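Take a look at the structure set out below.
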Amino acid sequence: MGMNRPITIGRIDYANAWPLFHQLEDRVEWNRYEVIKRVPSELNRLLQAGELDVSAISSFSYGQNADDYMLLPHLSVGSIGKVNSILLFLKEPLERKRPERIALTATSATSVNLLKILMTLRFECEPEYVTAEPVLEKMLETSDAALIIGDQAIQASWKNHGLHVIDLGQLWNEWTGLGMTYAVVAARREAVAAAPEAVQAVYNAIKASKQYNKMHLRPLIEQACSQLGGDSAYWNMYFHSLQYDFDSKLQEGLKLYFDYSKQLGLLTKQVELTFFEDQSAQKVKE
């Protein structure tokens, strides 16, 4: 079996995913693979529709479609503590006033549902949620708080706007003691069945990119400074604070997140973490 077209790979178009994908194109054969950059919500849609074979997606989207996907092991975007780019901006501190209306980003499902879990179960608060473009000032014109993620959240956090800012990664960790995984890398099961060697090659390439980039962050730091602003000290801290290996503590945190999502009716059924079997690891064992 096989495919008579290039394997399509979805890449999250945020700085937090750069260490997984930077220079990936150099590690795959250009005529056999196509890399597509989008925000997480668009990658979620494309993988679900079968327009991508392998993609970084919102963790929540994996939960919705776990029967159709396999996770690529040791690949994720997560944090144990501060994530620095999933931020809730509030006009009043939570201790003083619970928000009645929160404006949400439309670019990622994981963070939106993480916020709903924290509001409902941690703070016993049921605000109205409205979706809006991720422009902080506009979001707060008609809402008490705004959730922004990714590069826009980072840039908004640098402004002296006098708002109260909550880092959802830190809040989750303080509440549960666990890490949180915001994005995973998944392959469609039908792609694994049709072209297992091609999926293995994609997995090898992303894993090699991650391992190299974690050891050589300087080009990513320089790219972030020129493209997004800020200084090298900030970006050095940012990349080091993120977790890319999807270890047991992060898996445990994601399972709890899925359990809470099911409890609140955000997901319709229990979610199992099912992993693609790494053939190169098997060969080493043999």
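Every chain in the structure tokens has a letter given in the order shown (A, B, ...), and although residue numbers restart at 1 in each chain, ligands are simply numbered from 1 in the order shown.
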
Counting only C-alpha atoms, what are the residues of region 144-175 of chain A within 12 Å of region 240-256 of chain A, and for each of them which pair of atoms is the nearest and at what distance in Å, to one decimal? Sort the table by chain and rising number, as a Markdown table.
| residue | atom | partner | partner_atom | distance |
| --- | --- | --- | --- | --- |
| A:Gly169 | CA | A:Leu242 | CA | 10.2 |
| A:Gln170 | CA | A:Ser241 | CA | 11.2 |
| A:Trp172 | CA | A:Gly253 | CA | 9.1 |
| A:Asn173 | CA | A:Gly253 | CA | 8.8 |
| A:Trp175 | CA | A:Gly253 | CA | 11.1 |

Export of prior selection with N, CA, C and O atoms as a PDB file, in the first residue's frame:
ATOM      1  N   GLY A 169      -1.504  28.217  32.272  1.00  0.00           N
ATOM      2  CA  GLY A 169      -0.601  27.098  32.565  1.00  0.00           C
ATOM      3  C   GLY A 169      -0.213  27.073  34.033  1.00  0.00           C
ATOM      4  O   GLY A 169      -0.215  26.016  34.679  1.00  0.00           O
ATOM      5  N   GLN A 170       0.105  28.242  34.562  1.00  0.00           N
ATOM      6  CA  GLN A 170       0.462  28.352  35.983  1.00  0.00           C
ATOM      7  C   GLN A 170      -0.736  28.017  36.863  1.00  0.00           C
ATOM      8  O   GLN A 170      -0.605  27.300  37.862  1.00  0.00           O
ATOM      9  N   TRP A 172      -3.378  26.122  36.179  1.00  0.00           N
ATOM     10  CA  TRP A 172      -3.647  24.672  36.094  1.00  0.00           C
ATOM     11  C   TRP A 172      -2.669  23.891  36.973  1.00  0.00           C
ATOM     12  O   TRP A 172      -3.049  22.998  37.720  1.00  0.00           O
ATOM     13  N   ASN A 173      -1.391  24.254  36.893  1.00  0.00           N
ATOM     14  CA  ASN A 173      -0.357  23.558  37.662  1.00  0.00           C
ATOM     15  C   ASN A 173      -0.553  23.753  39.169  1.00  0.00           C
ATOM     16  O   ASN A 173      -0.423  22.802  39.954  1.00  0.00           O
ATOM     17  N   TRP A 175      -3.321  24.312  40.683  1.00  0.00           N
ATOM     18  CA  TRP A 175      -4.567  23.650  41.085  1.00  0.00           C
ATOM     19  C   TRP A 175      -4.443  22.128  41.084  1.00  0.00           C
ATOM     20  O   TRP A 175      -4.901  21.455  41.998  1.00  0.00           O
TER      21      TRP A 175
END

> Which polymer residues have any atom within 9 Å of an atom of Ile12 (chain A), counting only C-alpha atoms, with same-chain residues fewer than 3 positions away left out, as a list of chain:residue names?
Replying inline: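 Those residues are A:Ala15, A:Asn16, A:Ala17, A:Trp18, A:Phe21, A:Ile36, A:Lys37, A:Arg38, A:Val39, A:Pro40, A:Leu43, A:Ser55, A:Ala56, A:Ile57, A:Ala183.
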
> Using only C-alpha atoms, which of A:Phe275, A:Cys225, A:Ala103, A:Leu264 sits nearest Tyr238 (chain A)?
Replying inline: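 Going through A:Phe275, A:Cys225, A:Ala103, A:Leu264 one by one, the smallest distance to Tyr238 (chain A) is for A:Cys225.
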
>> Using only C-alpha atoms for the distances, tell me which of A:Leu114, A:Leu20, A:Ala66, A:Leu88 is nearest to Val271 (chain A).
In response: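 Using only C-alpha atoms, Val271 (chain A) sits closest to A:Ala66.
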
>> Show me, as a list in words, the residues that have an atom within 9 Å of Leu90 (chain A) when counting only C-alpha atoms, minus same-chain residues fewer than 2 positions from it.
In response: Leu88, Glu92, Pro93, Leu94, Pro99, Ile102, Leu140, Asp144, Ala145, Ala146, Leu147, Leu163, His164, Val165 and Ile166 of chain A

>> Run DSSP on the backbone and tell me which residues of region 13-144 of chain A come out as helix (DSSP H, G or I); list them as a PyMOL selection string.
In response: chain A and resi 15-21+24-27+40-48+59-64+109-122+136-139

>> as a list in words, please: the residues near Ile206 (chain A) (cut-off 7 Å, only C-alpha atoms, same-chain neighbours under 2 positions excluded).
In response: Leu20, Phe21, Leu24, Val202, Tyr203, Asn204, Ala208, Ser209 and Lys210 of chain A

For the selection just defined, write its residues with all heavy atoms to a file, as a short mmCIF file (atom, residue, chain, number, x, y, z; two decimals), in the first residue's frame.
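After the write, part22.cif holds the following:
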data_model
loop_
_atom_site.label_atom_id
_atom_site.label_comp_id
_atom_site.auth_asym_id
_atom_site.auth_seq_id
_atom_site.Cartn_x
_atom_site.Cartn_y
_atom_site.Cartn_z
N LEU A 20 9.58 22.50 17.40
CA LEU A 20 9.21 21.22 16.77
C LEU A 20 9.45 21.23 15.27
O LEU A 20 9.75 20.18 14.68
CB LEU A 20 7.73 20.91 17.02
CG LEU A 20 7.29 20.57 18.44
CD1 LEU A 20 5.78 20.31 18.46
CD2 LEU A 20 8.05 19.37 18.99
N PHE A 21 9.30 22.40 14.64
CA PHE A 21 9.20 22.41 13.18
C PHE A 21 10.26 23.22 12.45
O PHE A 21 10.35 23.14 11.23
CB PHE A 21 7.83 22.96 12.78
CG PHE A 21 6.69 22.06 13.16
CD1 PHE A 21 5.90 22.35 14.26
CD2 PHE A 21 6.41 20.92 12.43
CE1 PHE A 21 4.85 21.52 14.62
CE2 PHE A 21 5.37 20.09 12.77
CZ PHE A 21 4.58 20.38 13.86
N LEU A 24 12.22 21.89 9.45
CA LEU A 24 11.67 20.56 9.13
C LEU A 24 11.77 20.26 7.64
O LEU A 24 12.08 19.14 7.23
CB LEU A 24 10.20 20.48 9.57
CG LEU A 24 9.46 19.18 9.19
CD1 LEU A 24 10.05 17.98 9.92
CD2 LEU A 24 7.97 19.32 9.49
N VAL A 202 8.10 11.06 8.57
CA VAL A 202 7.67 12.36 9.09
C VAL A 202 7.98 12.44 10.58
O VAL A 202 8.51 13.45 11.08
CB VAL A 202 6.16 12.58 8.86
CG1 VAL A 202 5.67 13.83 9.59
CG2 VAL A 202 5.85 12.70 7.37
N TYR A 203 7.64 11.38 11.30
CA TYR A 203 7.91 11.34 12.74
C TYR A 203 9.40 11.50 13.02
O TYR A 203 9.80 12.30 13.87
CB TYR A 203 7.38 10.03 13.33
CG TYR A 203 7.74 9.84 14.78
CD1 TYR A 203 7.37 10.77 15.74
CD2 TYR A 203 8.47 8.73 15.20
CE1 TYR A 203 7.70 10.61 17.08
CE2 TYR A 203 8.81 8.55 16.53
CZ TYR A 203 8.42 9.50 17.46
OH TYR A 203 8.76 9.35 18.79
N ASN A 204 10.23 10.77 12.30
CA ASN A 204 11.68 10.87 12.48
C ASN A 204 12.16 12.30 12.24
O ASN A 204 13.02 12.82 12.97
CB ASN A 204 12.41 9.92 11.53
CG ASN A 204 12.19 8.46 11.88
OD1 ASN A 204 11.71 8.12 12.97
ND2 ASN A 204 12.51 7.56 10.96
N ALA A 208 13.76 14.73 15.01
CA ALA A 208 15.13 15.24 14.81
C ALA A 208 15.15 16.76 14.88
O ALA A 208 16.08 17.35 15.45
CB ALA A 208 15.66 14.76 13.46
N SER A 209 14.13 17.41 14.31
CA SER A 209 14.04 18.87 14.38
C SER A 209 13.96 19.32 15.82
O SER A 209 14.66 20.24 16.26
CB SER A 209 12.80 19.37 13.61
OG SER A 209 12.94 19.14 12.24
N LYS A 210 13.09 18.68 16.60
CA LYS A 210 12.92 19.04 18.01
C LYS A 210 14.23 18.89 18.77
O LYS A 210 14.65 19.81 19.50
CB LYS A 210 11.84 18.15 18.64
CG LYS A 210 11.62 18.41 20.12
CD LYS A 210 10.85 17.30 20.80
CE LYS A 210 11.73 16.08 21.06
NZ LYS A 210 11.07 15.08 21.93
#

> For Met180 (chain A), which residue out of A:Tyr257, A:Tyr14, A:Tyr62, A:Tyr69 is the nearest one, using only C-alpha atoms?
Replying inline: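 Using only C-alpha atoms, the shortest distance to Met180 (chain A) belongs to A:Tyr257.
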
> Which residue, A:Lys97, A:Ile154, A:Thr8, A:Asp13, has the smallest gap to Asp167 (chain A) when you use only C-alpha atoms?
Replying inline: A:Ile154

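Here the question is which of A:Ala224, A:Ala132, A:Val185, A:Ala109 gets nearest to Val77 (chain A) using only C-alpha atoms, and that residue is A:Val185.
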
>> At a cut-off of 12 Å, using only C-alpha atoms, what residues contact Gly50 (chain A)? Leave out same-chain residues fewer than 5 positions from it and give the result as a PyMOL selection string.
In response: chain A and resi 7-10+43-45+55+65+68-69+187-191

With DSSP run on the backbone, what are the strand (DSSP E or B) residues within region 70-254 of chain A? I'd like them as a PDB file with N, CA, C and O atoms, in the first residue's frame.
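This is the output file out_15.pdb:
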ATOM      1  N   MET A  70      -3.839   8.900  15.651  1.00  0.00           N
ATOM      2  CA  MET A  70      -2.811   8.311  16.505  1.00  0.00           C
ATOM      3  C   MET A  70      -1.822   9.411  16.868  1.00  0.00           C
ATOM      4  O   MET A  70      -1.434  10.220  16.016  1.00  0.00           O
ATOM      5  N   LEU A  71      -1.428   9.452  18.127  1.00  0.00           N
ATOM      6  CA  LEU A  71      -0.458  10.447  18.592  1.00  0.00           C
ATOM      7  C   LEU A  71       0.959  10.029  18.219  1.00  0.00           C
ATOM      8  O   LEU A  71       1.317   8.854  18.332  1.00  0.00           O
ATOM      9  N   LEU A  72       1.770  10.983  17.794  1.00  0.00           N
ATOM     10  CA  LEU A  72       3.192  10.705  17.581  1.00  0.00           C
ATOM     11  C   LEU A  72       3.891  10.906  18.926  1.00  0.00           C
ATOM     12  O   LEU A  72       3.794  11.994  19.520  1.00  0.00           O
ATOM     13  N   PRO A  73       4.553   9.863  19.443  1.00  0.00           N
ATOM     14  CA  PRO A  73       5.108   9.940  20.799  1.00  0.00           C
ATOM     15  C   PRO A  73       6.224  10.977  20.935  1.00  0.00           C
ATOM     16  O   PRO A  73       6.901  11.325  19.973  1.00  0.00           O
ATOM     17  N   HIS A  74       6.374  11.481  22.168  1.00  0.00           N
ATOM     18  CA  HIS A  74       7.466  12.397  22.545  1.00  0.00           C
ATOM     19  C   HIS A  74       7.410  13.739  21.823  1.00  0.00           C
ATOM     20  O   HIS A  74       8.421  14.429  21.726  1.00  0.00           O
ATOM     21  N   LEU A  75       6.209  14.109  21.323  1.00  0.00           N
ATOM     22  CA  LEU A  75       6.065  15.392  20.641  1.00  0.00           C
ATOM     23  C   LEU A  75       4.836  16.117  21.188  1.00  0.00           C
ATOM     24  O   LEU A  75       3.733  15.574  21.169  1.00  0.00           O
ATOM     25  N   SER A  76       5.032  17.329  21.669  1.00  0.00           N
ATOM     26  CA  SER A  76       3.906  18.120  22.175  1.00  0.00           C
ATOM     27  C   SER A  76       4.377  19.540  22.416  1.00  0.00           C
ATOM     28  O   SER A  76       5.567  19.835  22.370  1.00  0.00           O
ATOM     29  N   VAL A  77       3.410  20.414  22.681  1.00  0.00           N
ATOM     30  CA  VAL A  77       3.712  21.737  23.215  1.00  0.00           C
ATOM     31  C   VAL A  77       2.969  21.824  24.542  1.00  0.00           C
ATOM     32  O   VAL A  77       1.737  21.766  24.575  1.00  0.00           O
ATOM     33  N   GLY A  78       3.710  21.924  25.635  1.00  0.00           N
ATOM     34  CA  GLY A  78       3.094  21.938  26.952  1.00  0.00           C
ATOM     35  C   GLY A  78       3.900  22.758  27.927  1.00  0.00           C
ATOM     36  O   GLY A  78       4.913  23.376  27.569  1.00  0.00           O
ATOM     37  N   SER A  79       3.434  22.763  29.176  1.00  0.00           N
ATOM     38  CA  SER A  79       4.194  23.448  30.225  1.00  0.00           C
ATOM     39  C   SER A  79       3.873  22.806  31.560  1.00  0.00           C
ATOM     40  O   SER A  79       2.808  22.217  31.744  1.00  0.00           O
ATOM     41  N   ILE A  86      -0.717  31.773  26.999  1.00  0.00           N
ATOM     42  CA  ILE A  86      -2.158  31.511  27.109  1.00  0.00           C
ATOM     43  C   ILE A  86      -2.606  32.310  28.322  1.00  0.00           C
ATOM     44  O   ILE A  86      -2.466  31.881  29.467  1.00  0.00           O
ATOM     45  N   LEU A  87      -3.114  33.507  28.051  1.00  0.00           N
ATOM     46  CA  LEU A  87      -3.292  34.498  29.111  1.00  0.00           C
ATOM     47  C   LEU A  87      -4.718  35.027  29.157  1.00  0.00           C
ATOM     48  O   LEU A  87      -5.327  35.304  28.117  1.00  0.00           O
ATOM     49  N   LEU A  88      -5.222  35.167  30.388  1.00  0.00           N
ATOM     50  CA  LEU A  88      -6.523  35.774  30.627  1.00  0.00           C
ATOM     51  C   LEU A  88      -6.292  37.172  31.188  1.00  0.00           C
ATOM     52  O   LEU A  88      -5.680  37.332  32.241  1.00  0.00           O
ATOM     53  N   PHE A  89      -6.772  38.165  30.456  1.00  0.00           N
ATOM     54  CA  PHE A  89      -6.630  39.557  30.857  1.00  0.00           C
ATOM     55  C   PHE A  89      -7.959  40.004  31.480  1.00  0.00           C
ATOM     56  O   PHE A  89      -9.017  39.900  30.851  1.00  0.00           O
ATOM     57  N   LEU A  90      -7.909  40.502  32.718  1.00  0.00           N
ATOM     58  CA  LEU A  90      -9.123  40.867  33.455  1.00  0.00           C
ATOM     59  C   LEU A  90      -9.109  42.336  33.867  1.00  0.00           C
ATOM     60  O   LEU A  90      -8.063  42.869  34.266  1.00  0.00           O
ATOM     61  N   ARG A 101     -18.703  38.125  31.733  1.00  0.00           N
ATOM     62  CA  ARG A 101     -18.613  37.927  30.277  1.00  0.00           C
ATOM     63  C   ARG A 101     -17.143  37.882  29.893  1.00  0.00           C
ATOM     64  O   ARG A 101     -16.374  38.782  30.235  1.00  0.00           O
ATOM     65  N   ILE A 102     -16.742  36.814  29.199  1.00  0.00           N
ATOM     66  CA  ILE A 102     -15.346  36.657  28.779  1.00  0.00           C
ATOM     67  C   ILE A 102     -15.285  36.525  27.262  1.00  0.00           C
ATOM     68  O   ILE A 102     -15.987  35.685  26.663  1.00  0.00           O
ATOM     69  N   ALA A 103     -14.439  37.340  26.639  1.00  0.00           N
ATOM     70  CA  ALA A 103     -14.197  37.242  25.196  1.00  0.00           C
ATOM     71  C   ALA A 103     -13.105  36.205  24.950  1.00  0.00           C
ATOM     72  O   ALA A 103     -12.076  36.194  25.633  1.00  0.00           O
ATOM     73  N   LEU A 104     -13.341  35.317  23.993  1.00  0.00           N
ATOM     74  CA  LEU A 104     -12.444  34.192  23.727  1.00  0.00           C
ATOM     75  C   LEU A 104     -11.774  34.311  22.365  1.00  0.00           C
ATOM     76  O   LEU A 104     -12.395  34.746  21.397  1.00  0.00           O
ATOM     77  N   GLU A 128     -20.666  34.270  30.752  1.00  0.00           N
ATOM     78  CA  GLU A 128     -21.041  34.158  29.342  1.00  0.00           C
ATOM     79  C   GLU A 128     -19.760  34.221  28.515  1.00  0.00           C
ATOM     80  O   GLU A 128     -18.869  35.028  28.800  1.00  0.00           O
ATOM     81  N   TYR A 129     -19.651  33.355  27.510  1.00  0.00           N
ATOM     82  CA  TYR A 129     -18.461  33.336  26.656  1.00  0.00           C
ATOM     83  C   TYR A 129     -18.834  33.820  25.254  1.00  0.00           C
ATOM     84  O   TYR A 129     -19.825  33.368  24.679  1.00  0.00           O
ATOM     85  N   VAL A 130     -18.029  34.724  24.717  1.00  0.00           N
ATOM     86  CA  VAL A 130     -18.252  35.220  23.358  1.00  0.00           C
ATOM     87  C   VAL A 130     -16.944  35.122  22.582  1.00  0.00           C
ATOM     88  O   VAL A 130     -15.871  35.389  23.124  1.00  0.00           O
ATOM     89  N   THR A 131     -17.025  34.729  21.332  1.00  0.00           N
ATOM     90  CA  THR A 131     -15.829  34.602  20.489  1.00  0.00           C
ATOM     91  C   THR A 131     -15.554  35.926  19.792  1.00  0.00           C
ATOM     92  O   THR A 131     -16.479  36.590  19.320  1.00  0.00           O
ATOM     93  N   ALA A 145     -13.332  40.279  30.686  1.00  0.00           N
ATOM     94  CA  ALA A 145     -12.030  39.620  30.569  1.00  0.00           C
ATOM     95  C   ALA A 145     -11.860  39.125  29.141  1.00  0.00           C
ATOM     96  O   ALA A 145     -12.838  38.990  28.396  1.00  0.00           O
ATOM     97  N   ALA A 146     -10.614  38.833  28.768  1.00  0.00           N
ATOM     98  CA  ALA A 146     -10.320  38.360  27.414  1.00  0.00           C
ATOM     99  C   ALA A 146      -9.243  37.298  27.463  1.00  0.00           C
ATOM    100  O   ALA A 146      -8.224  37.466  28.149  1.00  0.00           O
ATOM    101  N   LEU A 147      -9.469  36.208  26.738  1.00  0.00           N
ATOM    102  CA  LEU A 147      -8.476  35.139  26.615  1.00  0.00           C
ATOM    103  C   LEU A 147      -7.782  35.275  25.268  1.00  0.00           C
ATOM    104  O   LEU A 147      -8.429  35.244  24.218  1.00  0.00           O
ATOM    105  N   ILE A 148      -6.459  35.414  25.321  1.00  0.00           N
ATOM    106  CA  ILE A 148      -5.658  35.504  24.093  1.00  0.00           C
ATOM    107  C   ILE A 148      -4.532  34.486  24.198  1.00  0.00           C
ATOM    108  O   ILE A 148      -4.000  34.238  25.285  1.00  0.00           O
ATOM    109  N   ILE A 149      -4.191  33.884  23.067  1.00  0.00           N
ATOM    110  CA  ILE A 149      -3.127  32.883  23.067  1.00  0.00           C
ATOM    111  C   ILE A 149      -2.073  33.219  22.021  1.00  0.00           C
ATOM    112  O   ILE A 149      -2.249  34.094  21.184  1.00  0.00           O
ATOM    113  N   HIS A 164      -5.261  42.906  35.001  1.00  0.00           N
ATOM    114  CA  HIS A 164      -4.806  41.762  35.781  1.00  0.00           C
ATOM    115  C   HIS A 164      -4.642  40.581  34.826  1.00  0.00           C
ATOM    116  O   HIS A 164      -5.543  40.292  34.040  1.00  0.00           O
ATOM    117  N   VAL A 165      -3.497  39.923  34.888  1.00  0.00           N
ATOM    118  CA  VAL A 165      -3.187  38.860  33.916  1.00  0.00           C
ATOM    119  C   VAL A 165      -3.002  37.531  34.644  1.00  0.00           C
ATOM    120  O   VAL A 165      -2.239  37.441  35.613  1.00  0.00           O
ATOM    121  N   ILE A 166      -3.708  36.515  34.160  1.00  0.00           N
ATOM    122  CA  ILE A 166      -3.578  35.166  34.712  1.00  0.00           C
ATOM    123  C   ILE A 166      -3.023  34.254  33.633  1.00  0.00           C
ATOM    124  O   ILE A 166      -3.546  34.194  32.513  1.00  0.00           O
ATOM    125  N   ASP A 167      -1.952  33.548  33.968  1.00  0.00           N
ATOM    126  CA  ASP A 167      -1.348  32.551  33.079  1.00  0.00           C
ATOM    127  C   ASP A 167      -2.064  31.219  33.332  1.00  0.00           C
ATOM    128  O   ASP A 167      -2.000  30.668  34.434  1.00  0.00           O
ATOM    129  N   MET A 180       0.371  20.721  31.690  1.00  0.00           N
ATOM    130  CA  MET A 180      -0.726  20.839  30.732  1.00  0.00           C
ATOM    131  C   MET A 180      -0.153  20.792  29.323  1.00  0.00           C
ATOM    132  O   MET A 180       0.881  21.402  29.039  1.00  0.00           O
ATOM    133  N   THR A 181      -0.827  20.038  28.469  1.00  0.00           N
ATOM    134  CA  THR A 181      -0.407  19.899  27.069  1.00  0.00           C
ATOM    135  C   THR A 181      -1.415  20.626  26.190  1.00  0.00           C
ATOM    136  O   THR A 181      -2.591  20.267  26.169  1.00  0.00           O
ATOM    137  N   TYR A 182      -0.952  21.620  25.468  1.00  0.00           N
ATOM    138  CA  TYR A 182      -1.831  22.471  24.666  1.00  0.00           C
ATOM    139  C   TYR A 182      -1.950  21.973  23.233  1.00  0.00           C
ATOM    140  O   TYR A 182      -2.998  22.142  22.603  1.00  0.00           O
ATOM    141  N   ALA A 183      -0.897  21.377  22.727  1.00  0.00           N
ATOM    142  CA  ALA A 183      -0.911  20.859  21.357  1.00  0.00           C
ATOM    143  C   ALA A 183      -0.175  19.530  21.309  1.00  0.00           C
ATOM    144  O   ALA A 183       0.794  19.311  22.043  1.00  0.00           O
ATOM    145  N   VAL A 184      -0.657  18.650  20.462  1.00  0.00           N
ATOM    146  CA  VAL A 184      -0.023  17.357  20.222  1.00  0.00           C
ATOM    147  C   VAL A 184       0.221  17.229  18.722  1.00  0.00           C
ATOM    148  O   VAL A 184      -0.247  18.054  17.928  1.00  0.00           O
ATOM    149  N   VAL A 185       0.958  16.194  18.336  1.00  0.00           N
ATOM    150  CA  VAL A 185       1.139  15.897  16.918  1.00  0.00           C
ATOM    151  C   VAL A 185       0.463  14.559  16.652  1.00  0.00           C
ATOM    152  O   VAL A 185       0.762  13.564  17.313  1.00  0.00           O
ATOM    153  N   ALA A 186      -0.465  14.554  15.704  1.00  0.00           N
ATOM    154  CA  ALA A 186      -1.265  13.359  15.440  1.00  0.00           C
ATOM    155  C   ALA A 186      -1.248  13.021  13.961  1.00  0.00           C
ATOM    156  O   ALA A 186      -1.104  13.898  13.092  1.00  0.00           O
ATOM    157  N   ALA A 187      -1.397  11.732  13.680  1.00  0.00           N
ATOM    158  CA  ALA A 187      -1.541  11.239  12.311  1.00  0.00           C
ATOM    159  C   ALA A 187      -2.925  10.622  12.162  1.00  0.00           C
ATOM    160  O   ALA A 187      -3.435  10.007  13.103  1.00  0.00           O
ATOM    161  N   ARG A 188      -3.507  10.792  11.004  1.00  0.00           N
ATOM    162  CA  ARG A 188      -4.770  10.100  10.747  1.00  0.00           C
ATOM    163  C   ARG A 188      -4.490   8.596  10.656  1.00  0.00           C
ATOM    164  O   ARG A 188      -3.515   8.172  10.043  1.00  0.00           O
ATOM    165  N   GLN A 243       7.515  22.731  27.308  1.00  0.00           N
ATOM    166  CA  GLN A 243       7.843  21.302  27.319  1.00  0.00           C
ATOM    167  C   GLN A 243       7.450  20.697  25.968  1.00  0.00           C
ATOM    168  O   GLN A 243       6.302  20.853  25.544  1.00  0.00           O
TER     169      GLN A 243
END

> What separation in Å, quoted to one decimal, exists between CA of Thr105 (chain A) and CA of Thr142 (chain A)?
Replying inline: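 Result for CA of Thr105 (chain A) versus CA of Thr142 (chain A): 14.4 Å, one decimal.
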
>> Under the rule that only C-alpha atoms are counted, which of A:Gln64, A:Ala198, A:Glu137, A:Leu52 is the nearest residue to Gln270 (chain A)?
In response: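 Ranking A:Gln64, A:Ala198, A:Glu137, A:Leu52 by distance to Gln270 (chain A), first place goes to A:Gln64.
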
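If you count only C-alpha atoms and ignore residues fewer than 5 places along the chain from Met237 (chain A), what sits within 12 Å of it is Asn16, Lys82, Val83, Asn84, Leu217, Arg218, Ile221, Gly230, Asp231, Ser232 and Leu242 of chain A.
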